[in-house]
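Novice: See data.txt below, with compact mmCIF, C-alpha atoms.
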# COMPACT_ATOMS: atom_id res chain seq x y z
CA MET R 1 27.70 -4.15 21.82
CA LEU R 2 28.91 -5.96 18.73
CA GLN R 3 31.94 -7.39 20.48
CA ASN R 4 29.68 -9.43 22.77
CA LYS R 5 27.46 -10.89 20.09
CA THR R 6 26.79 -14.60 19.78
CA GLU R 7 29.28 -16.08 17.33
CA ASN R 8 26.68 -17.19 14.77
CA LYS R 9 24.37 -14.21 15.16
CA VAL R 10 23.76 -12.11 12.03
CA THR R 11 24.14 -8.38 12.63
CA ILE R 12 22.19 -5.55 11.01
CA ILE R 13 23.67 -2.12 11.60
CA THR R 14 21.83 1.16 11.17
CA HIS R 15 22.43 4.61 12.62
CA ASN R 16 21.55 5.60 16.15
CA SER R 17 19.79 8.78 17.35
CA ASN R 18 16.57 9.79 15.55
CA PHE R 19 14.99 7.21 13.27
CA HIS R 20 13.15 7.67 9.99
CA THR R 21 10.67 5.63 7.99
CA ASP R 22 13.46 4.70 5.57
CA ASP R 23 15.70 2.94 8.08
CA ILE R 24 12.72 1.43 9.93
CA PHE R 25 11.49 -0.31 6.76
CA ALA R 26 14.98 -1.24 5.57
CA VAL R 27 15.64 -3.11 8.81
CA ALA R 28 12.12 -4.61 8.76
CA THR R 29 12.74 -5.96 5.25
CA LEU R 30 16.01 -7.56 6.27
CA LEU R 31 14.43 -9.16 9.33
CA LEU R 32 11.80 -10.75 7.11
CA VAL R 33 14.47 -12.01 4.74
CA LEU R 34 16.50 -13.35 7.68
CA LYS R 35 13.53 -14.75 9.59
CA ASN R 36 15.20 -18.16 10.01
CA GLU R 37 18.42 -16.65 11.34
CA GLU R 38 19.36 -15.38 14.78
CA VAL R 39 19.67 -11.64 14.20
CA GLN R 40 20.96 -8.73 16.24
CA VAL R 41 20.06 -5.14 15.28
CA ILE R 42 22.59 -2.53 16.38
CA ARG R 43 22.08 1.22 16.08
CA SER R 44 25.44 2.96 15.94
CA ARG R 45 27.65 5.36 13.98
CA ASP R 46 30.85 3.83 15.31
CA GLU R 47 32.93 2.98 12.25
CA ASN R 48 34.48 -0.06 13.91
CA ILE R 49 31.04 -1.51 14.62
CA ILE R 50 29.75 -0.62 11.15
CA GLU R 51 32.71 -2.30 9.48
CA LYS R 52 31.96 -5.63 11.20
CA GLY R 53 28.23 -5.69 10.43
CA ASP R 54 26.77 -8.33 8.13
CA TYR R 55 24.20 -5.87 6.77
CA VAL R 56 24.55 -2.10 7.01
CA VAL R 57 21.67 0.25 6.15
CA ASP R 58 21.38 4.04 6.07
CA VAL R 59 24.85 4.59 7.50
CA GLY R 60 28.45 3.95 6.51
CA GLY R 61 28.65 6.00 3.32
CA ILE R 62 28.75 2.97 1.02
CA TYR R 63 26.36 1.31 -1.43
CA ALA R 64 27.69 -2.11 -2.37
CA GLU R 65 24.89 -4.60 -2.97
CA LEU R 66 27.12 -7.66 -3.03
CA LYS R 67 28.58 -6.69 0.34
CA ASN R 68 25.15 -5.83 1.79
CA ARG R 69 26.00 -2.15 2.28
CA PHE R 70 22.94 -0.01 1.69
CA ASP R 71 23.64 3.66 2.35
CA HIS R 72 22.62 6.55 0.11
CA HIS R 73 24.07 9.58 1.92
CA GLN R 74 27.44 9.52 0.16
CA GLU R 75 28.36 12.03 -2.51
CA GLY R 76 26.44 11.17 -5.68
CA GLY R 77 23.84 9.12 -3.82
CA ALA R 78 23.09 5.50 -4.67
CA GLY R 79 21.25 5.71 -7.95
CA VAL R 80 17.99 7.04 -9.36
CA ARG R 81 15.01 5.21 -10.79
CA ALA R 82 13.89 5.78 -14.37
CA ASN R 83 11.04 7.94 -13.05
CA THR R 84 13.60 10.23 -11.29
CA ILE R 85 12.90 9.02 -7.73
CA PRO R 86 16.29 8.47 -6.06
CA TYR R 87 16.98 5.40 -3.97
CA ALA R 88 17.09 5.62 -0.21
CA SER R 89 18.20 2.70 1.95
CA PHE R 90 14.77 1.08 1.97
CA GLY R 91 14.70 1.09 -1.82
CA LEU R 92 18.21 -0.32 -2.05
CA VAL R 93 17.36 -3.19 0.28
CA TRP R 94 14.09 -3.80 -1.53
CA LYS R 95 15.81 -3.76 -4.93
CA LYS R 96 18.00 -6.66 -3.82
CA PHE R 97 15.56 -8.66 -1.71
CA GLY R 98 12.06 -7.57 -2.75
CA GLU R 99 11.46 -10.29 -5.32
CA GLU R 100 12.85 -12.99 -3.01
CA LEU R 101 10.63 -11.80 -0.19
CA SER R 102 7.52 -11.40 -2.36
CA GLY R 103 8.03 -14.60 -4.33
CA ASN R 104 7.10 -12.76 -7.51
CA ARG R 105 8.69 -9.94 -9.52
CA GLU R 106 5.36 -8.27 -10.32
CA ILE R 107 4.44 -8.15 -6.62
CA ALA R 108 7.85 -6.77 -5.70
CA GLU R 109 7.54 -4.05 -8.33
CA LYS R 110 4.04 -3.15 -7.16
CA VAL R 111 5.14 -2.86 -3.52
CA ASP R 112 8.02 -0.69 -4.71
CA GLN R 113 5.55 1.52 -6.56
CA ILE R 114 2.95 1.95 -3.83
CA LEU R 115 5.16 1.96 -0.72
CA VAL R 116 8.92 1.94 -1.21
CA GLN R 117 9.19 4.79 -3.71
CA TRP R 118 7.07 7.12 -1.59
CA ILE R 119 9.33 6.54 1.42
CA ASP R 120 12.50 6.85 -0.67
CA ALA R 121 11.33 10.11 -2.22
CA SER R 122 10.46 11.58 1.16
CA ASP R 123 13.78 10.54 2.69
CA ASN R 124 15.59 12.23 -0.19
CA GLY R 125 13.59 15.46 0.23
CA MET R 126 11.60 15.01 -2.98
CA ASP R 127 8.01 16.30 -3.15
CA LEU R 128 5.61 14.04 -5.05
CA ILE R 129 2.27 15.81 -4.63
CA GLU R 130 0.71 19.23 -4.72
CA THR R 131 -2.24 19.88 -2.45
CA LYS R 132 -5.44 21.33 -3.92
CA ILE R 133 -6.31 22.97 -0.61
CA PRO R 134 -3.53 25.09 0.96
CA GLY R 135 -2.27 23.67 4.23
CA ILE R 136 -3.96 20.28 3.79
CA TYR R 137 -1.70 17.31 3.10
CA PRO R 138 -2.09 13.51 3.30
CA TYR R 139 -1.31 11.94 6.63
CA ASP R 140 1.15 9.54 5.06
CA ILE R 141 3.13 6.64 6.49
CA GLY R 142 6.11 8.89 7.20
CA LEU R 143 4.02 11.17 9.39
CA PHE R 144 2.58 8.13 11.13
CA PHE R 145 6.01 6.81 12.13
CA ASN R 146 7.28 10.30 12.94
CA THR R 147 4.52 10.54 15.56
CA PHE R 148 6.53 8.11 17.68
CA THR R 149 9.68 10.25 17.63
CA PRO R 150 10.17 11.60 21.18
CA ASP R 151 9.68 15.35 21.47
CA PHE R 152 11.42 17.92 23.67
CA LYS R 153 9.38 16.88 26.70
CA GLU R 154 10.56 13.26 26.46
CA PRO R 155 14.34 13.51 26.92
CA GLU R 156 14.64 10.13 28.65
CA ALA R 157 12.92 8.16 25.90
CA ASP R 158 14.70 4.99 24.79
CA LEU R 159 15.10 5.57 21.05
CA ASP R 160 16.45 2.08 20.39
CA SER R 161 13.46 0.39 22.01
CA ILE R 162 11.00 2.65 20.17
CA PHE R 163 12.82 1.96 16.90
CA MET R 164 12.46 -1.80 17.33
CA GLU R 165 8.77 -1.44 18.20
CA LEU R 166 8.28 0.45 14.93
CA VAL R 167 10.26 -2.16 13.01
CA VAL R 168 7.72 -4.74 14.19
CA LEU R 169 4.92 -2.54 12.81
CA ALA R 170 6.77 -2.08 9.53
CA LYS R 171 7.25 -5.85 9.20
CA ARG R 172 3.50 -6.27 9.59
CA VAL R 173 2.81 -3.65 6.91
CA LEU R 174 5.16 -5.40 4.49
CA GLU R 175 3.66 -8.82 5.22
CA ARG R 176 0.15 -7.49 4.61
CA GLU R 177 1.10 -5.68 1.40
CA ILE R 178 2.75 -8.79 0.01
CA LEU R 179 -0.19 -11.00 1.00
CA LYS R 180 -2.77 -8.61 -0.45
CA ARG R 181 -0.83 -8.30 -3.70
CA LYS R 182 -0.62 -12.09 -4.00
CA ASN R 183 -4.38 -12.33 -3.49
CA LEU R 184 -4.96 -9.55 -6.02
CA LEU R 185 -2.97 -11.43 -8.63
CA GLU R 186 -5.18 -14.45 -8.04
CA ALA R 187 -8.31 -12.31 -8.28
CA ARG R 188 -7.16 -10.58 -11.46
CA SER R 189 -7.58 -13.65 -13.65
CA ILE R 190 -11.13 -14.17 -12.31
CA ILE R 191 -12.02 -10.51 -12.85
CA GLU R 192 -10.60 -10.42 -16.36
CA LYS R 193 -12.46 -13.63 -17.23
CA ALA R 194 -15.73 -12.08 -16.00
CA TYR R 195 -15.04 -9.04 -18.18
CA ARG R 196 -14.32 -11.13 -21.29
CA GLU R 197 -17.47 -13.23 -20.81
CA ALA R 198 -19.83 -10.37 -19.91
CA PRO R 199 -22.61 -10.02 -22.52
CA ASP R 200 -22.74 -6.28 -21.77
CA LYS R 201 -19.25 -5.13 -20.88
CA ARG R 202 -20.64 -1.99 -19.28
CA LEU R 203 -21.88 -4.15 -16.41
CA ILE R 204 -19.69 -6.79 -14.75
CA ILE R 205 -21.46 -9.20 -12.40
CA PHE R 206 -19.82 -11.28 -9.68
CA ASP R 207 -21.39 -13.90 -7.43
CA THR R 208 -18.51 -13.43 -4.96
CA PHE R 209 -16.88 -10.18 -3.94
CA TYR R 210 -13.55 -9.48 -5.62
CA PRO R 211 -11.43 -6.31 -5.33
CA SER R 212 -12.06 -5.39 -8.94
CA ARG R 213 -11.65 -1.62 -8.94
CA GLU R 214 -7.98 -1.58 -9.94
CA PHE R 215 -8.43 -4.07 -12.77
CA LEU R 216 -11.79 -3.12 -14.29
CA SER R 217 -10.72 0.51 -14.65
CA GLN R 218 -8.08 -0.70 -17.11
CA PHE R 219 -10.80 -1.63 -19.61
CA PRO R 220 -12.71 1.10 -21.50
CA GLU R 221 -16.30 -0.23 -21.30
CA PRO R 222 -17.16 -1.09 -17.65
CA LEU R 223 -19.37 1.45 -15.89
CA PHE R 224 -20.83 -0.58 -13.01
CA THR R 225 -20.25 -3.79 -11.15
CA VAL R 226 -22.75 -5.85 -9.16
CA PHE R 227 -21.59 -8.09 -6.31
CA PRO R 228 -22.68 -9.54 -2.95
CA GLN R 229 -21.74 -7.87 0.31
CA ASN R 230 -20.71 -9.58 3.55
CA ASP R 231 -24.08 -8.81 5.12
CA GLY R 232 -25.99 -10.75 2.45
CA HIS R 233 -27.13 -7.67 0.55
CA TRP R 234 -26.09 -6.87 -3.03
CA ALA R 235 -24.28 -3.77 -4.23
CA VAL R 236 -24.14 -1.75 -7.42
CA LYS R 237 -20.89 0.18 -7.61
CA THR R 238 -19.51 2.59 -10.17
CA ILE R 239 -16.21 2.09 -11.93
CA ARG R 240 -13.76 4.92 -11.35
CA ASN R 241 -11.49 6.54 -13.94
CA ASN R 242 -8.58 4.60 -12.48
CA GLY R 243 -7.71 2.57 -9.42
CA TYR R 244 -6.78 5.68 -7.42
CA SER R 245 -9.45 8.12 -8.59
CA PHE R 246 -12.72 9.20 -6.99
CA VAL R 247 -14.16 10.26 -10.36
CA ASN R 248 -17.05 8.01 -11.48
CA ARG R 249 -17.14 7.02 -15.13
CA LYS R 250 -20.90 7.21 -14.85
CA SER R 251 -22.63 8.17 -11.63
CA LEU R 252 -25.85 6.63 -10.40
CA PRO R 253 -28.95 8.76 -11.10
CA LYS R 254 -28.71 12.01 -9.16
CA GLU R 255 -32.26 11.72 -7.77
CA TRP R 256 -31.11 8.61 -5.85
CA ALA R 257 -28.51 10.52 -3.83
CA GLY R 258 -28.81 9.85 -0.10
CA LYS R 259 -32.15 8.06 -0.44
CA LYS R 260 -32.92 4.81 1.37
CA ASP R 261 -35.57 2.18 2.03
CA ASP R 262 -39.15 3.15 1.09
CA GLU R 263 -38.12 6.46 -0.46
CA LEU R 264 -35.50 4.82 -2.68
CA GLU R 265 -37.94 2.06 -3.63
CA MET R 266 -40.49 4.67 -4.66
CA ILE R 267 -38.01 6.73 -6.71
CA THR R 268 -36.47 3.74 -8.48
CA GLY R 269 -39.52 1.49 -8.70
CA VAL R 270 -37.29 -1.34 -7.49
CA ARG R 271 -38.63 -3.39 -4.60
CA GLY R 272 -35.77 -4.22 -2.24
CA ALA R 273 -33.70 -1.09 -2.91
CA ILE R 274 -32.07 -0.14 0.41
CA PHE R 275 -29.64 2.72 0.06
CA CYS R 276 -27.78 4.99 -2.36
CA HIS R 277 -24.69 6.92 -1.31
CA ARG R 278 -25.03 10.66 -1.74
CA ALA R 279 -21.82 10.67 -3.84
CA LEU R 280 -23.64 8.38 -6.31
CA PHE R 281 -20.99 5.66 -6.48
CA LEU R 282 -22.80 2.94 -4.49
CA ALA R 283 -26.31 1.58 -4.20
CA VAL R 284 -27.39 -1.41 -2.10
CA ALA R 285 -30.32 -3.80 -2.51
CA LYS R 286 -31.68 -6.79 -0.62
CA THR R 287 -31.30 -9.23 -3.52
CA LYS R 288 -29.23 -9.80 -6.62
CA GLU R 289 -32.33 -9.32 -8.77
CA ALA R 290 -33.01 -5.92 -7.21
CA ALA R 291 -29.37 -4.87 -7.64
CA LEU R 292 -29.46 -5.85 -11.31
CA LYS R 293 -32.61 -3.76 -11.82
CA LEU R 294 -30.92 -0.77 -10.22
CA ALA R 295 -27.88 -1.29 -12.46
CA GLU R 296 -30.07 -1.47 -15.57
CA ILE R 297 -31.77 1.78 -14.66
CA ALA R 298 -28.39 3.44 -14.02
CA LEU R 299 -27.00 2.23 -17.35
CA ASN R 300 -29.93 3.68 -19.24
CA SER R 301 -30.23 6.94 -17.29
Take the structure I supplied and represent it as structure tokens, if you would.

Specialist:
Amino acid sequence: MLQNKTENKVTIITHNSNFHTDDIFAVATLLLVLKNEEVQVIRSRDENIIEKGDYVVDVGGIYAELKNRFDHHQEGGAGVRANTIPYASFGLVWKKFGEELSGNREIAEKVDQILVQWIDASDNGMDLIETKIPGIYPYDIGLFFNTFTPDFKEPEADLDSIFMELVVLAKRVLEREILKRKNLLEARSIIEKAYREAPDKRLIIFDTFYPSREFLSQFPEPLFTVFPQNDGHWAVKTIRNNGYSFVNRKSLPKEWAGKKDDELEMITGVRGAIFCHRALFLAVAKTKEAALKLAEIALNS
């Protein structure tokens, strides 16, 4: 209980009973921010305990950033983003600490876009997508965490222990997202330089693999990229309409679909051609020279 806490221990209070992705990630964010402090997480709805907490998330009926109160259940909520997605407790915590934790405003905003806003929208009962196939929906991060909620056959489950196990997972997700976004920022300048210096901007060539899909799709000309794979082979890959699309700007020649080895060599006339995906977005060759020949054929097809 709070009354027995170590004098210098920082307390994070959230609600008890069933947990949600929102409060899991809000607590995970605070634990990362407070990583050099001795921290105690308490799950309670007792107003006396809540009042004495150093940080209070998803409970208490108050949003007061300066006082580290981050609830959104009160009448009128706790604010809405410009794109109409309302804040939940995760978003409120991230709004205050995201840039500090990420070390960069752009990274913090990107994590908010790809992770925080989805969780906030869901927690506020806001639908963001429409399925093209009735009854089929993405298995999103909320469903993943909800899988660990005890069901009616697990009445003795320790919700507090399960919650803290999930907080550890959420911390790892946040750490990875921040790290990957930092690395992407570093890669962006290299990718954009390769684009600017490319003699034919329809084809961007790298001698090292870079995650270029998100950045190259922002330019109008690129159709294919050529790069080395981890196994020593070289790949020709299509550029998609955007970083989240599966629509190729220009597909590889349709007669290559699903072909490999001798058959693909015969069809393309390229010695060293290994494989072409049947969806026509990827072809693989043994050498850079062979990959460039495949790319040239694809450009002119």

Novice: Starting from 5 Å padding per side, set up an axis-aligned box that covers all listed atoms of stretch 211-216 of chain R and hand over centre and edge lengths in Å, one decimal, as AutoDock Vina command-line options.

Specialist:
--center_x -10.0 --center_y -3.9 --center_z -9.8 --size_x 14.1 --size_y 14.7 --size_z 19.0

Novice: What's the separation between atom CA of R:Met164 and atom CA of R:Met126, in Å to one decimal place?

Specialist: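 Going from atom CA of R:Met164 over to atom CA of R:Met126, I get 26.4 Å.
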
Novice: Please provide the set of residues having any atom within 7 Å of stretch 223-239 of chain R, restricted to all atoms listed in the file, with same-chain residues fewer than 6 positions apart removed, written as a PyMOL selection string.

Specialist: chain R and resi 202-209+213+217+248-251+281-288+291+295

Novice: Between atom CA of R:Phe70 and atom CA of R:Val173, what is the distance, to one decimal in Å?

Specialist: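 Calculated distance between atom CA of R:Phe70 and atom CA of R:Val173 is 21.1 Å.
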
Novice: Which value, in Å to one decimal, gives the distance between atom CA of R:Glu221 and atom CA of R:Arg188?

Specialist: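 About the pair atom CA of R:Glu221 and atom CA of R:Arg188: they are 17.0 Å apart.
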
Novice: Considering only C-alpha atoms, state which residue in the set R:Ile191, R:Ile267, R:Leu30, R:Ile42 is at the smallest distance from R:Phe97.

Specialist: R:Leu30

Novice: Using all atoms listed in the file, give me every residue within 12 Å of (10.5, 2.8, -15.3) in file coordinates, as a PyMOL selection string.

Specialist: chain R and resi 80-85+109-110+112-113+117

Novice: Using only C-alpha atoms, pick whichever of R:Val41, R:Ile141, R:Val59, R:Val168 has the shortest atom-to-atom distance to R:Asp120.

Specialist: R:Ile141

Novice: With all atoms listed in the file as the basis for distance, which of R:His20, R:Leu101, R:Arg45, R:Glu75 is at the shortest distance from R:Ile119?

Specialist: R:His20

Novice: Nearest to R:Arg240: which of R:Ala257, R:Leu280, R:Phe275, R:Val93 is it, counting only C-alpha atoms?

Specialist: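 Residue with the minimum atom-to-atom distance to R:Arg240: R:Leu280.
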
Novice: Generate the coordinates of N, CA and C atoms for stretch 46-74 of chain R; report them as a PDB file, keeping the file's coordinate frame.

Specialist:
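Once everything was written out, this is rebuild.pdb:
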ATOM      1  N   ASP R  46      29.461   4.195  15.059  1.00  0.00           N
ATOM      2  CA  ASP R  46      30.850   3.830  15.310  1.00  0.00           C
ATOM      3  C   ASP R  46      31.379   3.060  14.102  1.00  0.00           C
ATOM      4  N   GLU R  47      32.423   3.576  13.471  1.00  0.00           N
ATOM      5  CA  GLU R  47      32.930   2.980  12.250  1.00  0.00           C
ATOM      6  C   GLU R  47      33.458   1.560  12.462  1.00  0.00           C
ATOM      7  N   ASN R  48      33.993   1.289  13.625  1.00  0.00           N
ATOM      8  CA  ASN R  48      34.480  -0.060  13.910  1.00  0.00           C
ATOM      9  C   ASN R  48      33.349  -1.071  13.971  1.00  0.00           C
ATOM     10  N   ILE R  49      32.212  -0.646  14.547  1.00  0.00           N
ATOM     11  CA  ILE R  49      31.040  -1.510  14.620  1.00  0.00           C
ATOM     12  C   ILE R  49      30.436  -1.691  13.231  1.00  0.00           C
ATOM     13  N   ILE R  50      30.324  -0.581  12.500  1.00  0.00           N
ATOM     14  CA  ILE R  50      29.750  -0.620  11.150  1.00  0.00           C
ATOM     15  C   ILE R  50      30.535  -1.566  10.250  1.00  0.00           C
ATOM     16  N   GLU R  51      31.847  -1.492  10.345  1.00  0.00           N
ATOM     17  CA  GLU R  51      32.710  -2.300   9.480  1.00  0.00           C
ATOM     18  C   GLU R  51      32.480  -3.800   9.680  1.00  0.00           C
ATOM     19  N   LYS R  52      32.097  -4.210  10.893  1.00  0.00           N
ATOM     20  CA  LYS R  52      31.960  -5.630  11.200  1.00  0.00           C
ATOM     21  C   LYS R  52      30.523  -6.139  11.029  1.00  0.00           C
ATOM     22  N   GLY R  53      29.608  -5.271  10.604  1.00  0.00           N
ATOM     23  CA  GLY R  53      28.230  -5.690  10.430  1.00  0.00           C
ATOM     24  C   GLY R  53      28.036  -6.569   9.210  1.00  0.00           C
ATOM     25  N   ASP R  54      27.088  -7.484   9.282  1.00  0.00           N
ATOM     26  CA  ASP R  54      26.770  -8.330   8.130  1.00  0.00           C
ATOM     27  C   ASP R  54      25.929  -7.563   7.109  1.00  0.00           C
ATOM     28  N   TYR R  55      25.039  -6.734   7.614  1.00  0.00           N
ATOM     29  CA  TYR R  55      24.200  -5.870   6.770  1.00  0.00           C
ATOM     30  C   TYR R  55      24.258  -4.470   7.378  1.00  0.00           C
ATOM     31  N   VAL R  56      24.460  -3.478   6.532  1.00  0.00           N
ATOM     32  CA  VAL R  56      24.550  -2.100   7.010  1.00  0.00           C
ATOM     33  C   VAL R  56      23.598  -1.246   6.182  1.00  0.00           C
ATOM     34  N   VAL R  57      22.669  -0.555   6.860  1.00  0.00           N
ATOM     35  CA  VAL R  57      21.670   0.250   6.150  1.00  0.00           C
ATOM     36  C   VAL R  57      21.643   1.680   6.686  1.00  0.00           C
ATOM     37  N   ASP R  58      21.591   2.628   5.771  1.00  0.00           N
ATOM     38  CA  ASP R  58      21.380   4.040   6.070  1.00  0.00           C
ATOM     39  C   ASP R  58      22.521   4.674   6.859  1.00  0.00           C
ATOM     40  N   VAL R  59      23.671   4.062   6.816  1.00  0.00           N
ATOM     41  CA  VAL R  59      24.850   4.590   7.500  1.00  0.00           C
ATOM     42  C   VAL R  59      26.077   3.939   6.853  1.00  0.00           C
ATOM     43  N   GLY R  60      27.225   4.549   7.015  1.00  0.00           N
ATOM     44  CA  GLY R  60      28.450   3.950   6.510  1.00  0.00           C
ATOM     45  C   GLY R  60      29.001   4.573   5.253  1.00  0.00           C
ATOM     46  N   GLY R  61      28.167   5.303   4.504  1.00  0.00           N
ATOM     47  CA  GLY R  61      28.650   6.000   3.320  1.00  0.00           C
ATOM     48  C   GLY R  61      28.991   5.120   2.145  1.00  0.00           C
ATOM     49  N   ILE R  62      28.430   3.896   2.106  1.00  0.00           N
ATOM     50  CA  ILE R  62      28.750   2.970   1.020  1.00  0.00           C
ATOM     51  C   ILE R  62      27.479   2.293   0.506  1.00  0.00           C
ATOM     52  N   TYR R  63      27.356   2.192  -0.834  1.00  0.00           N
ATOM     53  CA  TYR R  63      26.360   1.310  -1.430  1.00  0.00           C
ATOM     54  C   TYR R  63      27.103   0.251  -2.204  1.00  0.00           C
ATOM     55  N   ALA R  64      27.048  -0.972  -1.708  1.00  0.00           N
ATOM     56  CA  ALA R  64      27.690  -2.110  -2.370  1.00  0.00           C
ATOM     57  C   ALA R  64      26.772  -3.311  -2.151  1.00  0.00           C
ATOM     58  N   GLU R  65      25.921  -3.584  -3.129  1.00  0.00           N
ATOM     59  CA  GLU R  65      24.890  -4.600  -2.970  1.00  0.00           C
ATOM     60  C   GLU R  65      25.466  -5.962  -2.626  1.00  0.00           C
ATOM     61  N   LEU R  66      26.547  -6.342  -3.275  1.00  0.00           N
ATOM     62  CA  LEU R  66      27.120  -7.660  -3.030  1.00  0.00           C
ATOM     63  C   LEU R  66      27.683  -7.801  -1.623  1.00  0.00           C
ATOM     64  N   LYS R  67      28.045  -6.677  -1.020  1.00  0.00           N
ATOM     65  CA  LYS R  67      28.580  -6.690   0.340  1.00  0.00           C
ATOM     66  C   LYS R  67      27.510  -6.336   1.374  1.00  0.00           C
ATOM     67  N   ASN R  68      26.274  -6.164   0.916  1.00  0.00           N
ATOM     68  CA  ASN R  68      25.150  -5.830   1.790  1.00  0.00           C
ATOM     69  C   ASN R  68      25.364  -4.510   2.531  1.00  0.00           C
ATOM     70  N   ARG R  69      25.871  -3.520   1.777  1.00  0.00           N
ATOM     71  CA  ARG R  69      26.000  -2.150   2.280  1.00  0.00           C
ATOM     72  C   ARG R  69      24.979  -1.302   1.543  1.00  0.00           C
ATOM     73  N   PHE R  70      24.080  -0.681   2.308  1.00  0.00           N
ATOM     74  CA  PHE R  70      22.940  -0.010   1.690  1.00  0.00           C
ATOM     75  C   PHE R  70      22.771   1.416   2.219  1.00  0.00           C
ATOM     76  N   ASP R  71      23.775   2.248   1.981  1.00  0.00           N
ATOM     77  CA  ASP R  71      23.640   3.660   2.350  1.00  0.00           C
ATOM     78  C   ASP R  71      23.441   4.488   1.084  1.00  0.00           C
ATOM     79  N   HIS R  72      22.871   5.675   1.263  1.00  0.00           N
ATOM     80  CA  HIS R  72      22.620   6.550   0.110  1.00  0.00           C
ATOM     81  C   HIS R  72      23.029   7.984   0.408  1.00  0.00           C
ATOM     82  N   HIS R  73      23.717   8.220   1.514  1.00  0.00           N
ATOM     83  CA  HIS R  73      24.070   9.580   1.920  1.00  0.00           C
ATOM     84  C   HIS R  73      25.398  10.047   1.350  1.00  0.00           C
ATOM     85  N   GLN R  74      26.141   9.174   0.712  1.00  0.00           N
ATOM     86  CA  GLN R  74      27.440   9.520   0.160  1.00  0.00           C
ATOM     87  C   GLN R  74      27.289  10.472  -1.033  1.00  0.00           C
TER      88      GLN R  74
END
